[in-house]
file model_31.cif (mmCIF, C-alpha atoms)
data_entry
#
loop_
_atom_site.group_PDB
_atom_site.id
_atom_site.type_symbol
_atom_site.label_atom_id
_atom_site.label_comp_id
_atom_site.auth_asym_id
_atom_site.auth_seq_id
_atom_site.Cartn_x
_atom_site.Cartn_y
_atom_site.Cartn_z
ATOM 1 C CA MET A 116 175.407 106.318 177.628
ATOM 2 C CA LEU A 117 178.033 105.264 175.139
ATOM 3 C CA LYS A 118 180.369 102.368 175.833
ATOM 4 C CA GLU A 119 183.196 100.594 174.050
ATOM 5 C CA GLY A 120 181.823 99.122 170.845
ATOM 6 C CA SER A 121 179.094 101.769 170.465
ATOM 7 C CA ARG A 122 178.549 103.135 166.961
ATOM 8 C CA THR A 123 179.894 106.596 166.238
ATOM 9 C CA PRO A 124 180.196 108.619 163.007
ATOM 10 C CA TRP A 125 183.856 107.477 162.851
ATOM 11 C CA GLY A 126 183.347 103.757 163.489
ATOM 12 C CA ARG A 127 183.029 101.661 166.616
ATOM 13 C CA ALA A 128 184.186 103.306 169.851
ATOM 14 C CA GLN A 129 187.415 101.828 171.175
ATOM 15 C CA SER A 130 187.353 104.009 174.272
ATOM 16 C CA VAL A 131 184.768 106.251 175.922
ATOM 17 C CA ALA A 132 185.369 108.866 178.628
ATOM 18 C CA VAL A 133 182.863 111.024 180.490
ATOM 19 C CA LEU A 134 183.942 114.680 180.287
ATOM 20 C CA THR A 135 181.016 115.932 182.340
ATOM 21 C CA LYS A 136 177.444 114.816 182.826
ATOM 22 C CA GLY A 137 175.895 114.551 179.342
ATOM 23 C CA VAL A 138 179.200 114.931 177.458
ATOM 24 C CA GLN A 139 181.378 111.988 176.426
ATOM 25 C CA SER A 140 184.582 111.727 174.446
ATOM 26 C CA VAL A 141 185.041 108.769 172.093
ATOM 27 C CA GLU A 142 188.026 107.385 170.240
ATOM 28 C CA THR A 143 187.875 104.990 167.318
ATOM 29 C CA ALA A 144 190.535 103.323 165.191
ATOM 30 C CA GLY A 145 190.524 106.237 162.744
ATOM 31 C CA HIS A 146 189.223 109.327 164.475
ATOM 32 C CA GLY A 147 187.085 110.446 167.357
ATOM 33 C CA GLY A 148 184.999 113.172 168.818
ATOM 34 C CA ILE A 149 182.547 114.272 171.445
ATOM 35 C CA LYS A 150 178.940 113.212 171.955
ATOM 36 C CA VAL A 151 176.732 115.810 173.629
ATOM 37 C CA GLY A 152 173.395 114.754 175.105
ATOM 38 C CA ARG A 153 170.158 116.276 173.801
ATOM 39 C CA LYS A 154 169.584 118.732 176.694
ATOM 40 C CA LEU A 155 173.110 120.150 176.639
ATOM 41 C CA ASN A 156 173.220 120.183 172.841
ATOM 42 C CA ALA A 157 170.204 122.517 172.894
ATOM 43 C CA LEU A 158 172.381 125.056 174.782
ATOM 44 C CA ILE A 159 174.818 125.338 171.889
ATOM 45 C CA PRO A 160 173.906 128.234 169.543
ATOM 46 C CA ARG A 161 171.975 127.045 166.487
ATOM 47 C CA ALA A 162 174.641 128.051 163.972
ATOM 48 C CA PHE A 163 177.185 125.840 165.726
ATOM 49 C CA ARG A 164 174.894 123.034 166.887
ATOM 50 C CA ARG A 165 175.205 119.627 165.261
ATOM 51 C CA SER A 166 171.729 118.086 165.228
ATOM 52 C CA ALA A 167 172.825 114.608 166.320
ATOM 53 C CA GLY A 168 175.109 115.974 169.033
ATOM 54 C CA TRP A 169 178.310 114.596 167.497
ATOM 55 C CA TYR A 170 181.319 116.959 167.296
ATOM 56 C CA GLU A 171 184.500 115.713 165.634
ATOM 57 C CA GLU A 172 187.705 115.955 167.653
ATOM 58 C CA ASP A 173 189.808 118.310 165.541
ATOM 59 C CA LEU A 174 187.747 121.456 164.958
ATOM 60 C CA GLU A 175 184.230 120.923 166.231
ATOM 61 C CA SER A 176 185.512 120.128 169.721
ATOM 62 C CA TYR A 177 186.133 123.880 170.063
ATOM 63 C CA ILE A 178 182.357 124.334 169.848
ATOM 64 C CA VAL A 179 181.876 122.123 172.883
ATOM 65 C CA ASP A 180 184.776 123.823 174.707
ATOM 66 C CA ALA A 181 183.450 127.309 174.035
ATOM 67 C CA PHE A 182 179.832 126.736 174.980
ATOM 68 C CA LEU A 183 179.776 123.849 177.462
ATOM 69 C CA LEU A 184 183.054 122.730 178.972
ATOM 70 C CA HIS A 185 185.991 125.013 179.488
ATOM 71 C CA LYS A 186 184.765 128.485 180.348
ATOM 72 C CA ASP A 187 188.320 129.394 181.415
ATOM 73 C CA ALA A 188 189.578 128.473 177.932
ATOM 74 C CA ALA A 189 186.624 130.003 176.065
ATOM 75 C CA HIS A 190 188.699 132.920 174.730
ATOM 76 C CA ALA A 191 191.069 130.539 172.897
ATOM 77 C CA ALA A 192 188.135 128.446 171.678
ATOM 78 C CA HIS A 193 186.381 131.583 170.406
ATOM 79 C CA ALA A 194 189.459 132.484 168.347
ATOM 80 C CA GLU A 195 189.383 129.017 166.748
ATOM 81 C CA LEU A 196 185.660 129.329 166.046
ATOM 82 C CA ARG A 197 186.165 132.697 164.333
ATOM 83 C CA ASP A 198 189.031 131.219 162.310
ATOM 84 C CA TRP A 199 187.311 127.994 161.178
ATOM 85 C CA PHE A 200 183.584 128.858 161.328
ATOM 86 C CA PRO A 201 183.341 132.591 160.522
ATOM 87 C CA ASP A 202 179.752 132.469 159.206
ATOM 88 C CA ALA A 203 178.464 130.674 162.293
ATOM 89 C CA TRP A 204 180.363 133.147 164.499
ATOM 90 C CA THR A 205 178.793 136.129 162.737
ATOM 91 C CA GLU A 206 175.311 134.573 162.861
ATOM 92 C CA THR A 207 175.689 133.842 166.578
ATOM 93 C CA THR A 208 177.354 137.052 167.772
ATOM 94 C CA GLY A 209 176.533 139.631 165.092
ATOM 95 C CA GLU A 210 180.271 140.359 164.823
ATOM 96 C CA GLN A 211 181.715 140.385 161.312
ATOM 97 C CA VAL A 212 184.867 138.232 161.168
ATOM 98 C CA THR A 213 187.826 139.979 159.542
ATOM 99 C CA PRO A 214 190.487 138.450 157.293
ATOM 100 C CA ALA A 215 193.000 138.944 160.131
ATOM 101 C CA GLN A 216 190.836 136.684 162.336
ATOM 102 C CA SER A 217 190.095 133.890 159.875
ATOM 103 C CA HIS A 218 192.037 131.932 157.288
ATOM 104 C CA VAL A 219 188.643 130.872 155.856
ATOM 105 C CA VAL A 220 187.754 134.517 155.160
ATOM 106 C CA ARG A 221 191.204 135.128 153.631
ATOM 107 C CA ARG A 222 190.866 132.033 151.446
ATOM 108 C CA ARG A 223 187.413 133.137 150.214
ATOM 109 C CA MET A 224 188.768 136.560 149.301
ATOM 110 C CA ASP A 225 191.714 134.944 147.543
ATOM 111 C CA ALA A 226 189.403 132.545 145.712
ATOM 112 C CA GLN A 227 187.411 135.489 144.355
ATOM 113 C CA LYS A 228 190.580 137.325 143.346
ATOM 114 C CA HIS A 229 192.063 134.238 141.658
ATOM 115 C CA ALA A 230 188.865 132.676 140.282
ATOM 116 C CA GLY A 231 190.318 132.116 136.804
ATOM 117 C CA THR A 232 193.960 131.830 137.853
ATOM 118 C CA LEU A 233 195.692 128.456 137.764
ATOM 119 C CA VAL A 234 196.617 127.497 141.336
ATOM 120 C CA ALA A 235 198.547 124.354 142.298
ATOM 121 C CA ILE A 236 196.608 121.575 144.000
ATOM 122 C CA ALA A 237 199.570 119.144 143.993
ATOM 123 C CA ALA A 238 203.319 119.275 143.368
ATOM 124 C CA TRP A 239 206.185 116.826 142.807
ATOM 125 C CA GLY A 240 209.887 117.539 143.244
ATOM 126 C CA ASP A 241 212.634 116.379 140.928
ATOM 127 C CA TRP A 242 212.858 113.189 142.997
ATOM 128 C CA HIS A 243 209.894 112.044 140.884
ATOM 129 C CA PRO A 244 211.122 110.138 137.789
ATOM 130 C CA GLN A 245 209.007 112.282 135.421
ATOM 131 C CA VAL A 246 210.224 115.647 136.782
ATOM 132 C CA PRO A 247 213.472 117.002 135.296
ATOM 133 C CA ALA A 248 216.267 118.065 137.654
ATOM 134 C CA GLY A 249 215.793 121.560 139.084
ATOM 135 C CA MET A 250 212.078 121.579 138.282
ATOM 136 C CA VAL A 251 208.810 121.042 140.164
ATOM 137 C CA GLY A 252 205.873 119.286 138.521
ATOM 138 C CA ILE A 253 202.563 120.997 139.237
ATOM 139 C CA CYS A 254 198.942 119.946 138.876
ATOM 140 C CA ALA A 255 196.832 123.130 138.853
ATOM 141 C CA THR A 256 193.177 124.036 138.484
ATOM 142 C CA PRO A 257 191.411 127.362 137.921
ATOM 143 C CA GLY A 258 190.943 129.055 141.265
ATOM 144 C CA TRP A 259 192.244 126.004 143.196
ATOM 145 C CA GLU A 260 189.009 124.200 142.273
ATOM 146 C CA ARG A 261 188.964 120.634 143.556
ATOM 147 C CA GLY A 262 186.718 117.707 142.859
ATOM 148 C CA VAL A 263 185.046 116.195 145.896
ATOM 149 C CA CYS A 264 185.547 112.420 145.834
ATOM 150 C CA GLY A 265 185.174 112.483 142.077
ATOM 151 C CA SER A 266 181.705 114.058 142.231
ATOM 152 C CA MET A 267 182.754 117.383 140.673
ATOM 153 C CA ALA A 268 184.690 117.600 137.455
ATOM 154 C CA CYS A 269 187.555 120.042 137.575
ATOM 155 C CA THR A 270 189.910 121.118 134.859
ATOM 156 C CA GLU A 271 193.394 119.919 135.787
ATOM 157 C CA THR A 272 196.382 121.310 133.945
ATOM 158 C CA TRP A 273 199.980 120.129 134.359
ATOM 159 C CA TRP A 274 203.075 122.319 134.457
ATOM 160 C CA LEU A 275 206.829 122.276 135.001
ATOM 161 C CA VAL A 276 208.144 125.181 137.051
ATOM 162 C CA PRO A 277 211.731 125.989 138.051
ATOM 163 C CA ALA A 278 212.256 124.939 141.686
ATOM 164 C CA SER A 279 213.534 128.439 142.523
ATOM 165 C CA ALA A 280 210.270 130.004 141.267
ATOM 166 C CA HIS A 281 208.222 127.473 143.221
ATOM 167 C CA LYS A 282 210.013 128.459 146.436
ATOM 168 C CA SER A 283 209.443 132.174 145.820
ATOM 169 C CA ASP A 284 206.771 133.977 147.837
ATOM 170 C CA GLY A 285 206.135 136.244 144.854
ATOM 171 C CA ARG A 286 204.169 133.505 143.085
ATOM 172 C CA ARG A 287 201.976 132.496 146.026
ATOM 173 C CA CYS A 288 198.488 133.383 147.137
ATOM 174 C CA GLU A 289 196.542 132.253 150.208
ATOM 175 C CA MET A 290 195.582 129.059 148.368
ATOM 176 C CA GLY A 291 199.046 128.140 147.124
ATOM 177 C CA PHE A 292 201.407 128.487 144.177
ATOM 178 C CA VAL A 293 200.135 130.433 141.145
ATOM 179 C CA VAL A 294 201.033 129.057 137.711
ATOM 180 C CA ASP A 295 202.036 131.527 134.998
ATOM 181 C CA PRO A 296 201.090 129.983 131.620
ATOM 182 C CA GLU A 297 203.142 132.669 129.831
ATOM 183 C CA HIS A 298 206.376 131.475 131.495
ATOM 184 C CA ASP A 299 205.840 127.974 132.888
ATOM 185 C CA GLN A 300 206.025 125.041 130.518
ATOM 186 C CA PRO A 301 203.297 122.452 130.058
ATOM 187 C CA TRP A 302 204.121 119.081 131.630
ATOM 188 C CA THR A 303 203.208 116.513 129.008
ATOM 189 C CA GLU A 304 204.822 113.506 130.750
ATOM 190 C CA HIS A 305 202.879 113.949 133.993
ATOM 191 C CA PRO A 306 201.827 110.961 136.154
#
call {"tool": "encode", "arguments": {"input": "model_31.cif", "output": "structure tokens"}}
result
Amino acid sequence: MLKEGSRTPWGRAQSVAVLTKGVQSVETAGHGGIKVGRKLNALIPRAFRRSAGWYEEDLESYIVDAFLLHKDAAHAAHAELRDWFPDAWTETTGEQVTPAQSHVVRRRMDAQKHAGTLVAIAAWGDWHPQVPAGMVGICATPGWERGVCGSMACTETWWLVPASAHKSDGRRCEMGFVVDPEHDQPWTEHP
């Protein structure tokens, strides 16, 4: 049994609540989640199961809801699982998740389509001292590629785009704003 002060993946527990026998909710200073005991954790389908029985509070809590806790709310939890964990859903149910059911599937398709395209990963308005009035400063990478805590090098490029173009849906994909090197100007005075 967990108690206040117990170690969790998110730090020391500040509060602990029993949701049902073998399932506890924990809150820490920065985050929280659910701890599922060994016997109940074995009931969760393998593709969704977290080996240590810890499920973070934002997305993985739907796993616990769908398979252990809230049978009356399982339909809503299943929709979230299809949206956020499409591969695990397909492995568990045999049902292929469609783009209409999952933003993850849509993003993958968009990533393939825009693999070499420059897509914004950050933007600054003209409130920033280095962005001219009426413009938006953009940091973009090919295919919305992002480094993970500095462990992966990515090729950042910097651009100035008219604010009206940045607001336009015509220059957006599932991942974000698409830079047009033929029309947008390089941003040499970027932060």
call {"tool": "resolve_selection", "arguments": {"input": "model_31.cif", "expression": "the PyMOL selection byres ((chain A and resi 292) around 7)", "output": "JSON, numbers by chain"}}
result
{"A": [234, 235, 281, 286, 287, 288, 291, 293, 294]}
call {"tool": "residues_around", "arguments": {"input": "model_31.cif", "residues": "Trp204 in chain A", "least_positions_apart": "6", "cutoff": "9 Å", "atoms": "all atoms listed in the file", "output": "PyMOL selection string"}}
result
chain A and resi 162-163+193+196-197+210-212
call {"tool": "write_last_selection", "arguments": {"input": "model_31.cif", "atoms": "C-alpha atoms", "output": "PDB file, keeping the file's coordinate frame"}}
result
ATOM      1  CA  ALA A 162     174.641 128.051 163.972  1.00  0.00           C
ATOM      2  CA  PHE A 163     177.185 125.840 165.726  1.00  0.00           C
ATOM      3  CA  HIS A 193     186.381 131.583 170.406  1.00  0.00           C
ATOM      4  CA  LEU A 196     185.660 129.329 166.046  1.00  0.00           C
ATOM      5  CA  ARG A 197     186.165 132.697 164.333  1.00  0.00           C
ATOM      6  CA  GLU A 210     180.271 140.359 164.823  1.00  0.00           C
ATOM      7  CA  GLN A 211     181.715 140.385 161.312  1.00  0.00           C
ATOM      8  CA  VAL A 212     184.867 138.232 161.168  1.00  0.00           C
TER       9      VAL A 212
END
call {"tool": "residues_around", "arguments": {"input": "model_31.cif", "residues": "Ser121 in chain A", "least_positions_apart": "3", "cutoff": "10 Å", "atoms": "only C-alpha atoms", "output": "list of chain:residue names"}}
result
A:Met116, A:Leu117, A:Lys118, A:Gly126, A:Arg127, A:Ala128, A:Gln129, A:Ser130, A:Val131, A:Val141, A:Thr143
call {"tool": "closest_residue", "arguments": {"input": "model_31.cif", "among": "A:Thr232, A:Trp239, A:Thr208, A:Asp173", "to": "Pro296 in chain A", "atoms": "only C-alpha atoms"}}
result
A:Thr232
call {"tool": "resolve_selection", "arguments": {"input": "model_31.cif", "expression": "the PyMOL selection byres ((chain A and resi 151-155) around 6)", "output": "NGL selection string"}}
result
:A and (137-138 or 150 or 156-158 or 168)
call {"tool": "atom_distance", "arguments": {"input": "model_31.cif", "atom1": "CA of Gly147 in chain A", "atom2": "CA of Arg222 in chain A"}}
result
27.1 Å
call {"tool": "residues_around", "arguments": {"input": "model_31.cif", "residues": "Val246 in chain A", "least_positions_apart": "6", "cutoff": "9 Å", "atoms": "only C-alpha atoms", "output": "ChimeraX atom specification"}}
result
/A:239-240,252,275,302,304-305
call {"tool": "write_last_selection", "arguments": {"input": "model_31.cif", "atoms": "C-alpha atoms", "output": "PDB file, in the frame of the given file"}}
result
ATOM      1  CA  TRP A 239     206.185 116.826 142.807  1.00  0.00           C
ATOM      2  CA  GLY A 240     209.887 117.539 143.244  1.00  0.00           C
ATOM      3  CA  GLY A 252     205.873 119.286 138.521  1.00  0.00           C
ATOM      4  CA  LEU A 275     206.829 122.276 135.001  1.00  0.00           C
ATOM      5  CA  TRP A 302     204.121 119.081 131.630  1.00  0.00           C
ATOM      6  CA  GLU A 304     204.822 113.506 130.750  1.00  0.00           C
ATOM      7  CA  HIS A 305     202.879 113.949 133.993  1.00  0.00           C
TER       8      HIS A 305
END
call {"tool": "residues_around", "arguments": {"input": "model_31.cif", "residues": "range 270-273 of chain A", "least_positions_apart": "2", "cutoff": "7 Å", "atoms": "all atoms listed in the file", "output": "list in words"}}
result
Ile253, Cys254, Ala255, Thr256, Ala268, Pro301, Trp302 and His305 of chain A
call {"tool": "closest_residue", "arguments": {"input": "model_31.cif", "among": "A:Val276, A:Leu183, A:Ala226, A:Ile236", "to": "Gly249 in chain A", "atoms": "all atoms listed in the file"}}
result
A:Val276
call {"tool": "atom_distance", "arguments": {"input": "model_31.cif", "atom1": "CA of Arg164 in chain A", "atom2": "CA of Ala181 in chain A"}}
result
11.9 Å
call {"tool": "residues_around", "arguments": {"input": "model_31.cif", "residues": "Pro214 in chain A", "least_positions_apart": "3", "cutoff": "10 Å", "atoms": "only C-alpha atoms", "output": "number ranges by chain"}}
result
A: 198, 201, 211, 217-224
call {"tool": "atom_distance", "arguments": {"input": "model_31.cif", "atom1": "CA of Gly285 in chain A", "atom2": "CA of Lys228 in chain A"}}
result
15.7 Å
call {"tool": "decode", "arguments": {"input": "model_31.cif", "residues": "range 168-188 of chain A", "atoms": "C-alpha atoms", "output": "compact mmCIF listing (two decimals), in the first residue's frame"}}
result
# COMPACT_ATOMS: atom_id res chain seq x y z
CA GLY A 168 1.77 -0.91 -12.78
CA TRP A 169 2.17 2.87 -12.91
CA TYR A 170 -0.18 4.81 -15.22
CA GLU A 171 0.26 8.57 -15.53
CA GLU A 172 -2.79 10.73 -14.86
CA ASP A 173 -3.32 12.45 -18.20
CA LEU A 174 -3.52 9.73 -20.86
CA GLU A 175 -2.65 6.39 -19.32
CA SER A 176 -5.43 6.73 -16.75
CA TYR A 177 -7.82 5.91 -19.61
CA ILE A 178 -6.20 2.46 -19.72
CA VAL A 179 -7.16 1.85 -16.11
CA ASP A 180 -10.65 3.30 -16.68
CA ALA A 181 -11.29 1.15 -19.74
CA PHE A 182 -10.10 -2.17 -18.35
CA LEU A 183 -10.50 -2.00 -14.57
CA LEU A 184 -12.53 0.84 -13.11
CA HIS A 185 -15.35 2.52 -14.93
CA LYS A 186 -17.17 -0.01 -17.08
CA ASP A 187 -19.99 2.52 -17.54
CA ALA A 188 -17.50 5.01 -18.99
